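Structure first, then comments.
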Amino acid sequence: MKRVVAFALLLFSILIWSSCESRYDDYGPLEVVSTYPENYSTDIPYDAEIVIEFNKPIMKDVTGIRSVGGDYPRIVYCDVEYLDDRTIVFIPRYYLAKNSNYIFSFHDIKGEDESEIEYGGVIHFTTSQ
């Protein structure tokens with residue numbers, strides 16, 4: 001009987017531990033956890049902000065960001081804000097063009113531990129009409 005109870009407690013603790021895994025990983029390479037808009041999203045508002053969340057704290061000196069947008073390639077200038085030590089918000093200085101395709105690329109971003117984003121990233125999205 002004691003073995004059955006011990007086994008049940010072990011199984012229960014494994015289930016609890018596995019369900020509590022964090023989406024953050026302070027070890028290993030710097031990775032993107034989520035973005036808004038999501039890659040290949042459509043009907044994004046023309047006044048949308050671009051949000052990128054990482055798995056670990058990042059340095060607050062973002063320089064490797066480039067946004068090319070609209071039907072004719074051009075740079076979209078953004079102001080940068082930090083929601084917390086893992087999340088960057090890019091606020092376009094002007095409204096995005098309606099019903100247009102955008103490519104937002106980011107690279108050369110480093111974690112506070114000097115880890116680098118391995119592949120950089122790109123978010124493709126289309127604004128609404």
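Within each chain, counting starts at residue 1; across the structure tokens, chains are named A, B, ... in the order shown, with ligands numbered 1 upward in that order.
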How close does each residue of region 38-64 of chain A get to region 113-124 of chain A, giving the shortest atom pair and distance in Å to one decimal for every residue with an atom at most 8 Å away, counting only C-alpha atoms, sorted by chain and residue number, as JSON lines?
{"residue": "A:Glu38", "atom": "CA", "partner": "A:Ile123", "partner_atom": "CA", "distance": 6.9}
{"residue": "A:Asn39", "atom": "CA", "partner": "A:Ile123", "partner_atom": "CA", "distance": 4.8}
{"residue": "A:Tyr40", "atom": "CA", "partner": "A:His124", "partner_atom": "CA", "distance": 4.9}
{"residue": "A:Ser41", "atom": "CA", "partner": "A:His124", "partner_atom": "CA", "distance": 7.1}
Write the residues of the preceding selection, restricted to C-alpha atoms, as a compact mmCIF listing (two decimals), in the first residue's frame.
# COMPACT_ATOMS: atom_id res chain seq x y z
CA GLU A 38 2.11 37.09 -35.49
CA ASN A 39 4.04 36.10 -38.58
CA TYR A 40 1.89 36.23 -41.75
CA SER A 41 -1.03 37.91 -39.97
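Of the residues under consideration (A:Lys110, A:Thr87, A:Asp47, A:Lys98), A:Thr87 shows the shortest atom-to-atom contact distance to Thr35 (chain A) when counting only C-alpha atoms.
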**Q.** Residue neighbourhood Ala48 (chain A), 8 Å, only C-alpha atoms, exclusion window fewer than 5 positions, as number ranges by chain
**A.** A: 91-92, 96
Selection export as a CSV table (one decimal), in the first residue's frame, atoms kept: N, CA and C atoms:
chain,number,residue,atom,x,y,z
A,91,ILE,N,7.0,51.4,-32.0
A,91,ILE,CA,5.8,52.3,-32.3
A,91,ILE,C,6.2,53.1,-33.5
A,92,PRO,N,5.5,52.8,-34.7
A,92,PRO,CA,5.8,53.5,-35.9
A,92,PRO,C,5.5,55.0,-35.7
A,96,LEU,N,0.9,53.2,-40.6
A,96,LEU,CA,1.2,52.3,-41.7
A,96,LEU,C,0.3,52.5,-42.8
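The environment of Gln129 (chain A) within 12 Å, counting only C-alpha atoms and disregarding residues fewer than 2 places along the same chain, consists of Thr42, Asp43, Ile44, Pro45, Tyr46, Asp47, Leu96, Ala97, Lys98, Asn99, Ser100, Asn101, Thr126 and Thr127 of chain A.
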Q: Please measure the separation of CA of Pro37 (chain A) and CA of Ile103 (chain A), giving the value in Å to one decimal.
A: 11.1 Å
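Residue nearest Glu112 (chain A) within the list A:Asp85, A:Val33, A:Val51, A:Val80: A:Asp85 [criterion: smallest interatomic distance, only C-alpha atoms].
Interatomic distance, CA of Pro57 (chain A) against CA of Tyr94 (chain A): 28.6 Å.
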Q | Nearest residue to Arg86 (chain A) from the set A:Asp61, A:Lys56, A:Tyr102, A:Phe125 (distances using only C-alpha atoms) | A | A:Lys56
Q: Find the spatial neighbours of Glu81 (chain A), counting only C-alpha atoms, within a cut-off of 10 Å - ignore same-chain residues fewer than 2 positions away - and output them as a PyMOL selection string.
A: chain A and resi 51+60+78-79+83-84+87-91
May I have the residues from that selection written out with N, CA and C atoms, as a PDB file, in the first residue's frame?
ATOM      1  N   VAL A  51       5.342  44.207 -31.311  1.00  0.00           N
ATOM      2  CA  VAL A  51       5.817  43.760 -29.994  1.00  0.00           C
ATOM      3  C   VAL A  51       6.587  42.454 -30.170  1.00  0.00           C
ATOM      4  N   LYS A  60      19.237  46.818 -23.504  1.00  0.00           N
ATOM      5  CA  LYS A  60      18.350  47.889 -23.958  1.00  0.00           C
ATOM      6  C   LYS A  60      19.071  48.850 -24.903  1.00  0.00           C
ATOM      7  N   CYS A  78      10.586  53.880 -36.292  1.00  0.00           N
ATOM      8  CA  CYS A  78       9.845  53.533 -35.073  1.00  0.00           C
ATOM      9  C   CYS A  78      10.551  54.073 -33.840  1.00  0.00           C
ATOM     10  N   ASP A  79       9.754  54.433 -32.849  1.00  0.00           N
ATOM     11  CA  ASP A  79      10.281  54.693 -31.515  1.00  0.00           C
ATOM     12  C   ASP A  79      10.271  53.369 -30.776  1.00  0.00           C
ATOM     13  N   LEU A  83       8.609  47.170 -22.468  1.00  0.00           N
ATOM     14  CA  LEU A  83       7.551  46.868 -21.499  1.00  0.00           C
ATOM     15  C   LEU A  83       8.136  46.306 -20.221  1.00  0.00           C
ATOM     16  N   ASP A  84       9.150  45.466 -20.378  1.00  0.00           N
ATOM     17  CA  ASP A  84       9.880  44.888 -19.257  1.00  0.00           C
ATOM     18  C   ASP A  84      11.248  44.493 -19.798  1.00  0.00           C
ATOM     19  N   THR A  87      10.700  42.373 -23.239  1.00  0.00           N
ATOM     20  CA  THR A  87       9.730  42.732 -24.269  1.00  0.00           C
ATOM     21  C   THR A  87      10.014  44.117 -24.841  1.00  0.00           C
ATOM     22  N   ILE A  88      10.131  44.178 -26.177  1.00  0.00           N
ATOM     23  CA  ILE A  88      10.351  45.436 -26.894  1.00  0.00           C
ATOM     24  C   ILE A  88       9.076  45.795 -27.656  1.00  0.00           C
ATOM     25  N   VAL A  89       8.739  47.073 -27.635  1.00  0.00           N
ATOM     26  CA  VAL A  89       7.605  47.572 -28.414  1.00  0.00           C
ATOM     27  C   VAL A  89       8.137  48.615 -29.387  1.00  0.00           C
ATOM     28  N   PHE A  90       7.817  48.426 -30.664  1.00  0.00           N
ATOM     29  CA  PHE A  90       8.191  49.373 -31.703  1.00  0.00           C
ATOM     30  C   PHE A  90       6.945  50.133 -32.117  1.00  0.00           C
ATOM     31  N   ILE A  91       6.997  51.440 -31.990  1.00  0.00           N
ATOM     32  CA  ILE A  91       5.847  52.293 -32.286  1.00  0.00           C
ATOM     33  C   ILE A  91       6.173  53.094 -33.542  1.00  0.00           C
TER      34      ILE A  91
END
Q.
Just the number, please: distance in Å from CA of Ile58 (chain A) to CA of Tyr27 (chain A), one decimal.
A. 12.7 Å
**Q.** Shortest interatomic distance to Ile109 (chain A) - which of A:Met59, A:Glu49, A:Ser34, A:Val76, counting only C-alpha atoms
**A.** A:Met59
